[in-house]
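Here's entry.cif, which has mmCIF, C-alpha atoms:
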```cif
data_protein
loop_
_atom_site.label_atom_id
_atom_site.label_comp_id
_atom_site.auth_asym_id
_atom_site.auth_seq_id
_atom_site.Cartn_x
_atom_site.Cartn_y
_atom_site.Cartn_z
CA MET A 1 -25.68 21.05 -11.97
CA SER A 2 -23.98 17.86 -13.07
CA PRO A 3 -25.02 16.51 -16.49
CA VAL A 4 -27.47 13.63 -16.64
CA GLN A 5 -25.64 10.45 -17.53
CA PRO A 6 -27.13 8.42 -20.37
CA PRO A 7 -28.51 5.06 -19.30
CA VAL A 8 -26.38 1.99 -19.82
CA ALA A 9 -28.08 -0.45 -22.16
CA ARG A 10 -29.15 -3.67 -20.46
CA ARG A 11 -29.36 -7.10 -21.99
CA VAL A 12 -32.83 -8.03 -23.22
CA ALA A 13 -33.91 -11.60 -22.65
CA VAL A 14 -36.31 -13.60 -24.80
CA ILE A 15 -38.28 -15.59 -22.23
CA GLY A 16 -40.60 -17.46 -24.57
CA GLY A 17 -43.37 -17.15 -27.11
CA THR A 18 -46.84 -18.41 -27.89
CA ARG A 19 -48.81 -18.45 -31.13
CA VAL A 20 -51.91 -20.02 -32.55
CA PRO A 21 -51.50 -22.55 -35.36
CA PHE A 22 -51.46 -20.73 -38.68
CA ALA A 23 -54.34 -21.46 -41.07
CA ARG A 24 -54.85 -20.98 -44.78
CA SER A 25 -57.13 -18.08 -45.61
CA ASP A 26 -60.85 -18.78 -45.86
CA GLY A 27 -60.37 -21.90 -43.75
CA PRO A 28 -60.81 -22.58 -40.01
CA TYR A 29 -60.19 -18.93 -39.06
CA ALA A 30 -62.35 -17.40 -41.80
CA THR A 31 -64.52 -15.60 -39.23
CA ALA A 32 -61.78 -14.89 -36.69
CA SER A 33 -60.72 -11.26 -36.35
CA ASN A 34 -57.19 -9.98 -35.82
CA GLN A 35 -58.15 -9.14 -32.25
CA GLU A 36 -59.57 -12.58 -31.54
CA MET A 37 -56.48 -14.38 -32.84
CA LEU A 38 -54.03 -12.03 -31.12
CA THR A 39 -55.97 -12.34 -27.85
CA ALA A 40 -55.80 -16.15 -28.06
CA ALA A 41 -52.03 -16.02 -28.56
CA LEU A 42 -51.61 -13.50 -25.74
CA ASP A 43 -53.79 -15.51 -23.35
CA GLY A 44 -51.66 -18.56 -24.07
CA LEU A 45 -48.55 -16.59 -23.14
CA VAL A 46 -50.17 -15.21 -19.97
CA ALA A 47 -51.19 -18.69 -18.85
CA ARG A 48 -47.80 -20.22 -19.58
CA PHE A 49 -45.77 -17.63 -17.70
CA GLY A 50 -48.25 -16.61 -14.99
CA LEU A 51 -48.68 -13.04 -16.16
CA GLN A 52 -52.18 -12.52 -14.74
CA GLY A 53 -51.19 -10.27 -11.83
CA PRO A 54 -51.34 -6.47 -11.63
CA GLY A 55 -48.44 -4.85 -13.47
CA ALA A 56 -46.99 -8.18 -14.54
CA VAL A 57 -45.97 -6.79 -17.92
CA GLY A 58 -44.75 -3.27 -18.60
CA GLU A 59 -46.14 -2.92 -22.12
CA PHE A 60 -47.75 -4.71 -25.04
CA VAL A 61 -46.69 -3.89 -28.60
CA GLY A 62 -48.42 -5.40 -31.60
CA GLY A 63 -49.88 -4.74 -34.99
CA ALA A 64 -51.50 -6.02 -38.15
CA VAL A 65 -51.03 -5.27 -41.84
CA LEU A 66 -54.58 -5.88 -43.05
CA LYS A 67 -56.61 -3.80 -40.60
CA HIS A 68 -60.26 -2.84 -40.38
CA SER A 69 -61.15 0.57 -39.02
CA ARG A 70 -62.19 -1.27 -35.85
CA ASP A 71 -58.54 -2.34 -35.45
CA PHE A 72 -57.26 1.23 -35.09
CA ASN A 73 -56.26 0.48 -31.47
CA LEU A 74 -55.65 -3.24 -31.94
CA ALA A 75 -52.95 -3.78 -29.31
CA ARG A 76 -54.83 -1.97 -26.56
CA GLU A 77 -58.15 -3.65 -27.39
CA THR A 78 -56.36 -7.00 -27.35
CA VAL A 79 -55.10 -6.30 -23.84
CA LEU A 80 -58.57 -5.29 -22.67
CA GLY A 81 -60.03 -8.52 -24.03
CA SER A 82 -57.31 -10.75 -22.60
CA THR A 83 -56.32 -12.11 -19.20
CA LEU A 84 -53.44 -9.62 -19.01
CA ASP A 85 -53.87 -6.78 -16.51
CA ALA A 86 -56.14 -4.15 -18.12
CA ARG A 87 -53.78 -1.44 -16.87
CA THR A 88 -51.03 -2.62 -19.22
CA PRO A 89 -50.22 0.12 -21.77
CA ALA A 90 -50.28 -0.95 -25.41
CA TYR A 91 -49.67 0.51 -28.83
CA ASP A 92 -49.74 -0.49 -32.50
CA LEU A 93 -47.05 -0.37 -35.13
CA GLN A 94 -46.89 -1.62 -38.71
CA GLN A 95 -44.05 -2.31 -41.12
CA ALA A 96 -45.63 -4.80 -43.50
CA CYS A 97 -44.10 -8.27 -43.08
CA GLY A 98 -41.52 -6.84 -40.68
CA THR A 99 -44.20 -5.80 -38.18
CA GLY A 100 -43.73 -8.66 -35.71
CA LEU A 101 -39.95 -8.33 -35.56
CA GLN A 102 -40.11 -4.54 -35.41
CA ALA A 103 -42.54 -4.85 -32.48
CA VAL A 104 -39.99 -7.03 -30.69
CA ILE A 105 -37.28 -4.46 -31.36
CA ALA A 106 -39.43 -1.56 -30.13
CA ALA A 107 -40.22 -3.36 -26.88
CA ALA A 108 -36.63 -4.51 -26.43
CA ASN A 109 -35.27 -0.99 -26.79
CA LYS A 110 -37.39 0.25 -23.87
CA ILE A 111 -36.23 -2.66 -21.72
CA ALA A 112 -32.60 -2.04 -22.70
CA LEU A 113 -32.91 1.61 -21.63
CA GLY A 114 -34.51 0.71 -18.31
CA GLN A 115 -37.84 2.35 -19.12
CA ILE A 116 -39.73 -0.89 -18.55
CA GLU A 117 -38.77 -4.28 -17.12
CA SER A 118 -40.81 -6.55 -19.36
CA ALA A 119 -42.98 -6.47 -22.46
CA VAL A 120 -44.97 -8.63 -24.84
CA ALA A 121 -44.59 -8.07 -28.58
CA GLY A 122 -46.34 -9.68 -31.51
CA GLY A 123 -48.79 -9.36 -34.32
CA ALA A 124 -51.74 -10.87 -36.14
CA ASP A 125 -53.15 -10.93 -39.64
CA THR A 126 -56.16 -12.37 -41.34
CA ALA A 127 -56.30 -12.63 -45.11
CA SER A 128 -59.80 -14.14 -44.76
CA ASP A 129 -61.36 -11.11 -43.06
CA ALA A 130 -59.64 -8.48 -45.20
CA PRO A 131 -61.23 -5.02 -45.09
CA LEU A 132 -63.32 -3.92 -48.06
CA GLY A 133 -63.18 -0.21 -48.80
CA VAL A 134 -65.97 1.99 -50.03
CA ASN A 135 -65.58 2.81 -53.72
CA ASP A 136 -63.60 6.03 -53.78
CA ARG A 137 -66.04 7.82 -56.09
CA LEU A 138 -68.90 6.89 -53.76
CA ARG A 139 -66.88 8.03 -50.76
CA ARG A 140 -66.32 11.46 -52.32
CA ILE A 141 -70.01 11.86 -53.12
CA LEU A 142 -71.02 10.89 -49.59
CA LEU A 143 -68.54 13.35 -48.10
CA GLU A 144 -69.85 16.08 -50.39
CA ALA A 145 -73.39 15.29 -49.26
CA ARG A 146 -72.32 15.46 -45.62
CA ARG A 147 -70.78 18.90 -46.18
CA ALA A 148 -73.85 20.21 -48.01
CA LYS A 149 -75.48 23.25 -46.38
CA SER A 150 -79.04 22.47 -47.51
CA ALA A 151 -81.29 19.50 -48.15
CA GLY A 152 -81.36 20.37 -51.86
CA ALA A 153 -77.60 20.39 -52.18
CA ARG A 154 -77.44 17.10 -50.31
CA LEU A 155 -79.97 15.48 -52.66
CA ARG A 156 -78.14 16.79 -55.76
CA ALA A 157 -74.93 15.18 -54.54
CA LEU A 158 -76.60 11.86 -53.74
CA ALA A 159 -78.35 11.87 -57.13
CA ARG A 160 -74.95 11.40 -58.80
CA ILE A 161 -74.54 7.92 -57.30
CA ARG A 162 -74.45 5.25 -60.00
CA PRO A 163 -74.54 1.42 -59.73
CA ALA A 164 -70.82 1.24 -60.56
CA HIS A 165 -70.11 3.29 -57.45
CA LEU A 166 -71.47 0.50 -55.25
CA VAL A 167 -68.67 -1.93 -56.19
CA PRO A 168 -66.30 -2.06 -53.16
CA ASP A 169 -62.56 -1.57 -53.34
CA ILE A 170 -61.00 -4.95 -52.62
CA PRO A 171 -57.42 -5.03 -51.20
CA ARG A 172 -54.84 -5.96 -53.84
CA ASN A 173 -51.56 -7.73 -53.23
CA ALA A 174 -49.72 -5.16 -55.31
CA GLU A 175 -47.13 -2.47 -54.71
CA PRO A 176 -48.66 0.99 -55.20
CA ARG A 177 -45.49 2.25 -56.91
CA THR A 178 -45.32 -0.46 -59.53
CA GLY A 179 -48.70 -2.20 -59.66
CA LEU A 180 -46.91 -5.55 -59.48
CA SER A 181 -47.72 -8.18 -56.87
CA MET A 182 -45.06 -9.34 -54.47
CA GLY A 183 -44.89 -12.62 -56.38
CA GLU A 184 -44.29 -10.84 -59.69
CA HIS A 185 -41.52 -8.79 -58.08
CA ALA A 186 -39.98 -11.97 -56.68
CA ALA A 187 -40.10 -13.54 -60.15
CA VAL A 188 -38.07 -10.62 -61.55
CA THR A 189 -35.50 -11.08 -58.79
CA ALA A 190 -35.39 -14.85 -59.33
CA ARG A 191 -34.54 -14.35 -63.00
CA ALA A 192 -31.91 -11.74 -62.15
CA TRP A 193 -30.14 -14.09 -59.74
CA GLY A 194 -30.58 -17.19 -61.89
CA VAL A 195 -32.54 -19.07 -59.23
CA THR A 196 -33.72 -22.39 -60.63
CA ARG A 197 -37.02 -24.19 -60.20
CA GLU A 198 -35.22 -27.22 -58.78
CA GLU A 199 -33.54 -25.15 -56.05
CA GLN A 200 -36.83 -23.56 -55.07
CA ASP A 201 -38.72 -26.84 -54.87
CA ALA A 202 -35.93 -28.43 -52.82
CA LEU A 203 -36.04 -25.55 -50.33
CA ALA A 204 -39.83 -25.69 -50.07
CA ALA A 205 -39.87 -29.45 -49.52
CA ALA A 206 -37.21 -29.14 -46.82
CA SER A 207 -39.28 -26.48 -45.03
CA HIS A 208 -42.29 -28.82 -44.80
CA GLN A 209 -40.22 -31.83 -43.80
CA ARG A 210 -38.37 -29.94 -41.09
CA LEU A 211 -41.53 -28.38 -39.66
CA ALA A 212 -43.16 -31.82 -39.56
CA ALA A 213 -40.13 -33.30 -37.78
CA ALA A 214 -40.17 -30.46 -35.23
CA TYR A 215 -43.83 -31.13 -34.43
CA GLU A 216 -43.18 -34.86 -34.14
CA ARG A 217 -40.41 -34.41 -31.58
CA GLY A 218 -42.62 -32.10 -29.50
CA PHE A 219 -40.63 -28.94 -30.18
CA PHE A 220 -43.76 -26.78 -30.52
CA GLN A 221 -45.47 -28.06 -27.38
CA ASP A 222 -44.68 -24.85 -25.49
CA LEU A 223 -44.91 -22.54 -28.50
CA VAL A 224 -48.29 -23.32 -30.10
CA VAL A 225 -51.70 -23.21 -28.40
CA PRO A 226 -54.71 -24.88 -30.11
CA PHE A 227 -57.25 -22.54 -31.62
CA ARG A 228 -60.55 -23.20 -33.40
CA GLY A 229 -59.89 -26.89 -33.81
CA LEU A 230 -56.31 -26.60 -35.06
CA ALA A 231 -53.31 -27.92 -33.13
CA ARG A 232 -50.80 -27.68 -35.99
CA ASP A 233 -50.22 -25.30 -38.87
CA GLN A 234 -52.80 -26.13 -41.50
CA ASN A 235 -50.48 -25.47 -44.43
CA LEU A 236 -48.04 -28.16 -43.30
CA ARG A 237 -47.58 -30.96 -45.87
CA PRO A 238 -45.31 -33.58 -44.24
CA GLY A 239 -45.15 -35.60 -47.44
CA SER A 240 -43.83 -32.75 -49.57
CA THR A 241 -40.97 -33.72 -51.87
CA PRO A 242 -39.20 -31.93 -54.72
CA ALA A 243 -40.76 -34.43 -57.12
CA LYS A 244 -44.29 -33.65 -55.97
CA LEU A 245 -43.66 -29.90 -56.05
CA ALA A 246 -42.20 -30.20 -59.56
CA ALA A 247 -45.65 -31.21 -60.84
CA LEU A 248 -47.19 -27.84 -59.97
CA LYS A 249 -47.72 -25.20 -62.62
CA PRO A 250 -45.99 -21.79 -62.33
CA VAL A 251 -48.17 -18.92 -61.12
CA PHE A 252 -45.74 -15.97 -61.14
CA GLY A 253 -43.44 -14.64 -63.84
CA LEU A 254 -45.58 -15.97 -66.66
CA ASP A 255 -44.62 -12.99 -68.85
CA ALA A 256 -41.12 -14.44 -69.35
CA PRO A 257 -39.84 -17.79 -70.65
CA ASP A 258 -39.46 -20.72 -68.25
CA PRO A 259 -41.24 -19.34 -65.14
CA THR A 260 -40.18 -21.06 -61.93
CA MET A 261 -42.45 -19.85 -59.13
CA THR A 262 -45.44 -21.98 -58.11
CA ALA A 263 -47.98 -22.08 -55.31
CA GLY A 264 -45.80 -24.78 -53.74
CA ASN A 265 -42.63 -22.71 -53.50
CA SER A 266 -44.48 -19.53 -52.47
CA THR A 267 -46.24 -18.82 -49.19
CA PRO A 268 -50.05 -19.00 -49.20
CA LEU A 269 -52.35 -16.31 -47.84
CA THR A 270 -52.61 -17.14 -44.15
CA ASP A 271 -54.40 -16.24 -40.90
CA GLY A 272 -52.74 -16.31 -37.48
CA ALA A 273 -51.14 -14.51 -34.53
CA ALA A 274 -47.97 -14.77 -32.46
CA THR A 275 -46.52 -13.21 -29.29
CA VAL A 276 -43.13 -13.06 -27.53
CA LEU A 277 -42.28 -12.28 -23.89
CA LEU A 278 -39.20 -10.07 -23.40
CA ALA A 279 -37.66 -8.93 -20.13
CA SER A 280 -34.64 -7.66 -18.28
CA GLU A 281 -32.45 -10.25 -16.61
CA GLU A 282 -33.48 -8.90 -13.20
CA TRP A 283 -37.19 -9.30 -13.97
CA ALA A 284 -36.67 -12.86 -15.18
CA ARG A 285 -34.51 -13.80 -12.20
CA ALA A 286 -37.05 -12.47 -9.71
CA ARG A 287 -39.71 -14.73 -11.24
CA GLY A 288 -37.54 -17.79 -11.61
CA LEU A 289 -37.69 -17.65 -15.40
CA ARG A 290 -34.69 -18.70 -17.41
CA PRO A 291 -34.07 -16.76 -20.63
CA LEU A 292 -33.98 -18.77 -23.82
CA ALA A 293 -31.71 -16.23 -25.53
CA TYR A 294 -30.88 -12.53 -25.69
CA LEU A 295 -31.60 -10.00 -28.41
CA THR A 296 -28.20 -8.40 -29.02
CA ALA A 297 -28.41 -6.57 -32.35
CA HIS A 298 -30.87 -5.47 -35.00
CA GLU A 299 -30.92 -3.51 -38.25
CA THR A 300 -33.50 -2.21 -40.69
CA ALA A 301 -32.86 -1.35 -44.34
CA ALA A 302 -34.75 -0.35 -47.47
CA VAL A 303 -34.09 -0.51 -51.21
CA ASP A 304 -35.20 1.78 -54.04
CA PHE A 305 -37.14 -0.93 -55.83
CA PRO A 306 -39.02 1.46 -58.18
CA HIS A 307 -35.79 3.01 -59.54
CA GLY A 308 -32.75 1.06 -58.29
CA ASP A 309 -30.84 -1.83 -59.80
CA VAL A 310 -33.87 -4.09 -60.02
CA ALA A 311 -32.97 -5.80 -63.28
CA GLY A 312 -29.58 -6.68 -61.82
CA GLY A 313 -31.23 -8.13 -58.76
CA GLU A 314 -29.57 -5.83 -56.23
CA ASP A 315 -32.62 -3.72 -55.41
CA GLY A 316 -35.48 -6.14 -55.90
CA LEU A 317 -38.55 -5.58 -53.73
CA LEU A 318 -37.57 -8.24 -51.17
CA MET A 319 -33.79 -7.72 -51.18
CA ALA A 320 -33.36 -5.20 -48.35
CA PRO A 321 -31.92 -7.87 -45.98
CA ALA A 322 -29.01 -8.13 -48.41
CA TYR A 323 -28.06 -4.66 -47.19
CA ALA A 324 -29.27 -4.85 -43.58
CA VAL A 325 -27.38 -8.00 -42.59
CA PRO A 326 -23.89 -6.87 -43.73
CA ARG A 327 -24.36 -3.55 -41.90
CA MET A 328 -25.58 -5.29 -38.76
CA LEU A 329 -22.74 -7.80 -38.73
CA GLU A 330 -20.12 -5.14 -39.29
CA ARG A 331 -21.48 -3.08 -36.42
CA ALA A 332 -21.61 -6.14 -34.15
CA GLY A 333 -18.17 -7.36 -35.19
CA LEU A 334 -19.56 -10.68 -36.41
CA ALA A 335 -19.26 -12.82 -39.52
CA LEU A 336 -21.88 -15.07 -41.04
CA ALA A 337 -19.75 -18.05 -40.03
CA ASP A 338 -20.25 -17.07 -36.37
CA PHE A 339 -23.91 -18.16 -36.47
CA ASP A 340 -25.06 -21.60 -35.43
CA LEU A 341 -28.56 -21.06 -36.82
CA VAL A 342 -29.96 -18.81 -39.55
CA GLU A 343 -33.66 -17.98 -39.87
CA VAL A 344 -34.65 -16.40 -43.19
CA HIS A 345 -38.36 -15.67 -43.62
CA GLU A 346 -39.57 -17.68 -46.60
CA ALA A 347 -41.91 -15.31 -48.40
CA PHE A 348 -40.86 -17.22 -51.52
CA ALA A 349 -38.22 -19.89 -51.97
CA SER A 350 -36.71 -17.77 -54.74
CA GLN A 351 -36.36 -14.78 -52.42
CA VAL A 352 -34.52 -16.86 -49.79
CA LEU A 353 -32.11 -18.19 -52.42
CA ALA A 354 -31.53 -14.74 -53.91
CA THR A 355 -30.80 -13.32 -50.45
CA LEU A 356 -28.30 -16.08 -49.71
CA ALA A 357 -26.61 -15.43 -53.06
CA ALA A 358 -26.47 -11.68 -52.34
CA TRP A 359 -24.84 -12.24 -48.94
CA GLU A 360 -22.25 -14.46 -50.59
CA LYS A 361 -21.63 -11.86 -53.30
CA ARG A 362 -21.06 -9.23 -50.62
CA GLY A 363 -18.35 -11.37 -49.08
CA LEU A 364 -20.28 -12.80 -46.12
CA GLY A 365 -19.76 -16.38 -47.26
CA ALA A 366 -22.20 -19.20 -47.86
CA VAL A 367 -24.85 -20.28 -45.35
CA ASP A 368 -24.64 -23.93 -44.37
CA ARG A 369 -28.05 -25.31 -45.37
CA ASP A 370 -28.02 -27.59 -42.32
CA ARG A 371 -28.22 -24.41 -40.21
CA LEU A 372 -30.92 -22.70 -42.28
CA ASN A 373 -34.54 -22.75 -41.04
CA VAL A 374 -33.93 -26.01 -39.21
CA ALA A 375 -37.51 -26.26 -37.89
CA GLY A 376 -39.12 -25.14 -41.14
CA SER A 377 -40.33 -21.65 -41.90
CA SER A 378 -42.99 -19.66 -43.72
CA LEU A 379 -43.32 -21.93 -46.77
CA ALA A 380 -44.55 -24.63 -44.39
CA THR A 381 -46.12 -22.66 -41.54
CA GLY A 382 -47.75 -20.02 -43.71
CA HIS A 383 -47.28 -16.28 -43.33
CA PRO A 384 -49.81 -14.09 -41.47
CA PHE A 385 -47.91 -10.90 -42.29
CA ALA A 386 -47.59 -9.21 -38.88
CA ALA A 387 -47.24 -12.49 -36.95
CA THR A 388 -44.22 -13.93 -38.76
CA GLY A 389 -41.51 -11.90 -37.00
CA ALA A 390 -42.72 -12.89 -33.54
CA ARG A 391 -43.02 -16.52 -34.66
CA ILE A 392 -39.43 -16.52 -35.85
CA VAL A 393 -38.04 -14.85 -32.69
CA ALA A 394 -39.77 -17.36 -30.41
CA THR A 395 -38.79 -20.30 -32.60
CA LEU A 396 -35.14 -19.31 -32.90
CA ALA A 397 -34.81 -18.61 -29.16
CA ALA A 398 -36.27 -22.05 -28.39
CA LEU A 399 -33.96 -23.70 -30.92
CA LEU A 400 -30.92 -22.06 -29.36
CA ALA A 401 -32.04 -23.19 -25.89
CA GLU A 402 -32.68 -26.71 -27.18
CA ARG A 403 -29.02 -26.96 -28.22
CA GLY A 404 -28.07 -26.63 -24.56
CA GLY A 405 -24.91 -24.54 -24.81
CA PRO A 406 -23.82 -21.14 -26.07
CA GLY A 407 -25.08 -20.25 -29.52
CA ARG A 408 -25.95 -17.47 -31.89
CA GLY A 409 -28.79 -17.08 -34.38
CA LEU A 410 -29.50 -14.68 -37.24
CA ILE A 411 -32.98 -13.47 -38.27
CA SER A 412 -33.75 -11.97 -41.68
CA VAL A 413 -37.22 -10.77 -42.66
CA CYS A 414 -38.06 -9.09 -45.97
CA ALA A 415 -41.09 -6.81 -46.21
CA ALA A 416 -43.31 -5.05 -48.71
CA GLY A 417 -42.26 -1.58 -49.74
CA GLY A 418 -38.70 -2.76 -50.31
CA GLN A 419 -37.81 -3.06 -46.63
CA GLY A 420 -36.02 -5.58 -44.43
CA VAL A 421 -35.73 -6.15 -40.68
CA THR A 422 -32.94 -8.26 -39.23
CA ALA A 423 -31.75 -9.24 -35.75
CA VAL A 424 -29.31 -11.34 -33.76
CA LEU A 425 -30.19 -13.66 -30.87
CA GLU A 426 -27.46 -15.06 -28.60
CA ARG A 427 -27.33 -17.56 -25.77
CA ASP A 428 -24.60 -17.80 -23.12
#
```

Rendering of file as structure tokens:
Amino acid sequence: MSPVQPPVARRVAVIGGTRVPFARSDGPYATASNQEMLTAALDGLVARFGLQGPGAVGEFVGGAVLKHSRDFNLARETVLGSTLDARTPAYDLQQACGTGLQAVIAAANKIALGQIESAVAGGADTASDAPLGVNDRLRRILLEARRAKSAGARLRALARIRPAHLVPDIPRNAEPRTGLSMGEHAAVTARAWGVTREEQDALAAASHQRLAAAYERGFFQDLVVPFRGLARDQNLRPGSTPAKLAALKPVFGLDAPDPTMTAGNSTPLTDGAATVLLASEEWARARGLRPLAYLTAHETAAVDFPHGDVAGGEDGLLMAPAYAVPRMLERAGLALADFDLVEVHEAFASQVLATLAAWEKRGLGAVDRDRLNVAGSSLATGHPFAATGARIVATLAALLAERGGPGRGLISVCAAGGQGVTAVLERD
């Protein structure tokens, strides 16, 4: 018997993307669930590319970071509530802020191996409708009562409930290993890399101005579908300037002299959803769809932020892309100078600047700021955790297509838990 030959990897095309406008938490989407937002984004994609027919899409991959128990099968329930064929398989994944990009990678790998011809990937998150957990002491008592073998034993267990046990466990924006919020971790990294307040405010202002300019020229017409009265990202402040941002008080790093991080140069808690359509070249050609770009490389990395070189800045919570990108570029035979556009997720302005400095320190060279986040990024759009990766993939692919000729774009996303997900998009 002759050995089975391994499949030859195919090119994976990014056909397009659709998302709902992102909204600040406790605002227009305060009562919208992850499923409702993700369904709206998916329906927009289905309508735009005519995906209503049987078997139109091979698979749907999505996820959320802040999930209720009802979201345990979020991707599949989203399909069942959408205009996509109900027979489309779906599954969830989660990698904190890297969820959306990791979903794209998971779907792309199956297409590359010939297991499916097309897929939709994305994610959603609501900070407004965050799950509240039962107090752990109350939970243990209730479980003990459920296991009781007699009515008396059950009553004795329930009799131990106290008023303090009725206080719910509210989700905290803190790392379990350190107890520090993501913002506090970013403040440590900012100090380690010497990132100034002026640099952060300039980056934040540019993000708002560039996003506003992109909306004005109609760039997002095919990427954003109105939802619950919003047609643009609610966090967008077109009039942002470094001078205006300089008036804001610091909110992170207050335990050290001269804190630099404010609400203006950090992303707000946000609600939203985004999706991306991926396919083989054959699938796209058969439907008369022209790819915007191709996903050609990706890399994931992690840092030991509880024990590594945190004080020196190398292993800060959000610094994993400083390791992932050099590895990815070496494997792909590329240099940073080979990229026409660079998309770095803006969890915090300080984190973007520290990442750029780390790449330069590792010999990759400096990133031309005129190529960085040219249509704005998370500081302006907001950051629904699991939706950001899909937003960036769709945006970068559209930006490369807008340029008209061959081009190459880099994606860098940092994530909680000391992780980073990165990718390369190319256009012929």

**Study point:** Distance query Val12 of chain A at most 8 Å, all atoms listed in the file, self and fewer than 6 positions along chain excluded, as a ChimeraX atom specification
**Key:** /A:108,111-112,278-281,294-296

List the residues matched by the PyMOL selection byres ((chain A and resi 300) around 9) in the displayed structure as a PDB file with C-alpha atoms, in the coordinates of the input, ordered by chain and then by residue number.
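out-v5.pdb written:
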```pdb
ATOM      1  CA  GLN A 102     -40.110  -4.540 -35.410  1.00  0.00           C
ATOM      2  CA  HIS A 298     -30.870  -5.470 -35.000  1.00  0.00           C
ATOM      3  CA  GLU A 299     -30.920  -3.510 -38.250  1.00  0.00           C
ATOM      4  CA  ALA A 301     -32.860  -1.350 -44.340  1.00  0.00           C
ATOM      5  CA  ALA A 302     -34.750  -0.350 -47.470  1.00  0.00           C
ATOM      6  CA  ALA A 320     -33.360  -5.200 -48.350  1.00  0.00           C
ATOM      7  CA  PRO A 321     -31.920  -7.870 -45.980  1.00  0.00           C
ATOM      8  CA  TYR A 323     -28.060  -4.660 -47.190  1.00  0.00           C
ATOM      9  CA  ALA A 324     -29.270  -4.850 -43.580  1.00  0.00           C
ATOM     10  CA  VAL A 325     -27.380  -8.000 -42.590  1.00  0.00           C
ATOM     11  CA  MET A 328     -25.580  -5.290 -38.760  1.00  0.00           C
ATOM     12  CA  GLN A 419     -37.810  -3.060 -46.630  1.00  0.00           C
ATOM     13  CA  GLY A 420     -36.020  -5.580 -44.430  1.00  0.00           C
ATOM     14  CA  VAL A 421     -35.730  -6.150 -40.680  1.00  0.00           C
ATOM     15  CA  THR A 422     -32.940  -8.260 -39.230  1.00  0.00           C
ATOM     16  CA  ALA A 423     -31.750  -9.240 -35.750  1.00  0.00           C
TER      17      ALA A 423
END
```

Review point. Between atom CA of Arg362 of chain A and atom CA of Ala349 of chain A, what is the distance, to one decimal in Å?
Key: 20.2 Å

**Study point:** Separation of atom CA of Gly253 of chain A from atom CA of Ala187 of chain A, in Å and rounded to one decimal
**Key:**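 So the two atoms, atom CA of Gly253 of chain A and atom CA of Ala187 of chain A, lie 5.1 Å apart.
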
Would you mind listing, for every residue of segment 346-400 of chain A within 8 Å of segment 58-82 of chain A, the two atoms forming the shortest contact and the distance between them in Å to one decimal, using only C-alpha atoms, sorted by chain and ascending residue number, as CSV?
```
residue,atom,partner,partner_atom,distance
A:Phe385,CA,A:Val65,CA,6.5
A:Ala386,CA,A:Ala64,CA,5.1
A:Ala387,CA,A:Ala64,CA,7.8
```

Store the residues picked out above in a file with C-alpha atoms, as a short mmCIF file (atom, residue, chain, number, x, y, z; two decimals), keeping the file's coordinate frame.
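Output file part.cif is given in full below:
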```cif
data_model
loop_
_atom_site.label_atom_id
_atom_site.label_comp_id
_atom_site.auth_asym_id
_atom_site.auth_seq_id
_atom_site.Cartn_x
_atom_site.Cartn_y
_atom_site.Cartn_z
CA PHE A 385 -47.91 -10.90 -42.29
CA ALA A 386 -47.59 -9.21 -38.88
CA ALA A 387 -47.24 -12.49 -36.95
#
```

Report as a compact mmCIF listing (two decimals) with C-alpha atoms, keeping the file's coordinate frame all protein, DNA and RNA residues lying within 8 Å of Thr260 of chain A, evaluated on only C-alpha atoms, omitting residues in the same chain fewer than 2 positions from it.
```
# COMPACT_ATOMS: atom_id res chain seq x y z
CA ALA A 187 -40.10 -13.54 -60.15
CA THR A 196 -33.72 -22.39 -60.63
CA ARG A 197 -37.02 -24.19 -60.20
CA PRO A 250 -45.99 -21.79 -62.33
CA PHE A 252 -45.74 -15.97 -61.14
CA GLY A 253 -43.44 -14.64 -63.84
CA ASP A 258 -39.46 -20.72 -68.25
CA THR A 262 -45.44 -21.98 -58.11
```

Exercise for review: Quick one: apply the PyMOL selection byres ((chain A and resi 312) around 8) to the file and drop the selected residues here as a list of chain:residue names.
Suggested key: A:Thr189, A:Ala192, A:Trp193, A:Asp309, A:Val310, A:Ala311, A:Gly313, A:Glu314, A:Asp315

Check your understanding: Looking at all atoms listed in the file, which of A:His383, A:Arg210, A:Arg427, A:Lys149 is the one that sits closest to Thr270 of chain A?
Key ->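 Counting all atoms listed in the file, the residue closest to Thr270 of chain A is A:His383.
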
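Separating atom CA of Phe220 of chain A from atom CA of Lys110 of chain A is a distance of 28.6 Å.
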
Exercise for review: Identify the residues within 12 Å of coordinate (-40.1, -34.6, -54.7) (same frame as the file), considering all atoms listed in the file, and give the answer as a PyMOL selection string.
Suggested key: chain A and resi 198-206+208-209+238-248+264

Point to revise | 9 Å contact set for Leu336 of chain A, only C-alpha atoms, chain neighbours under 5 positions out, as a ChimeraX atom specification | key: /A:326,329,359,364-367,410
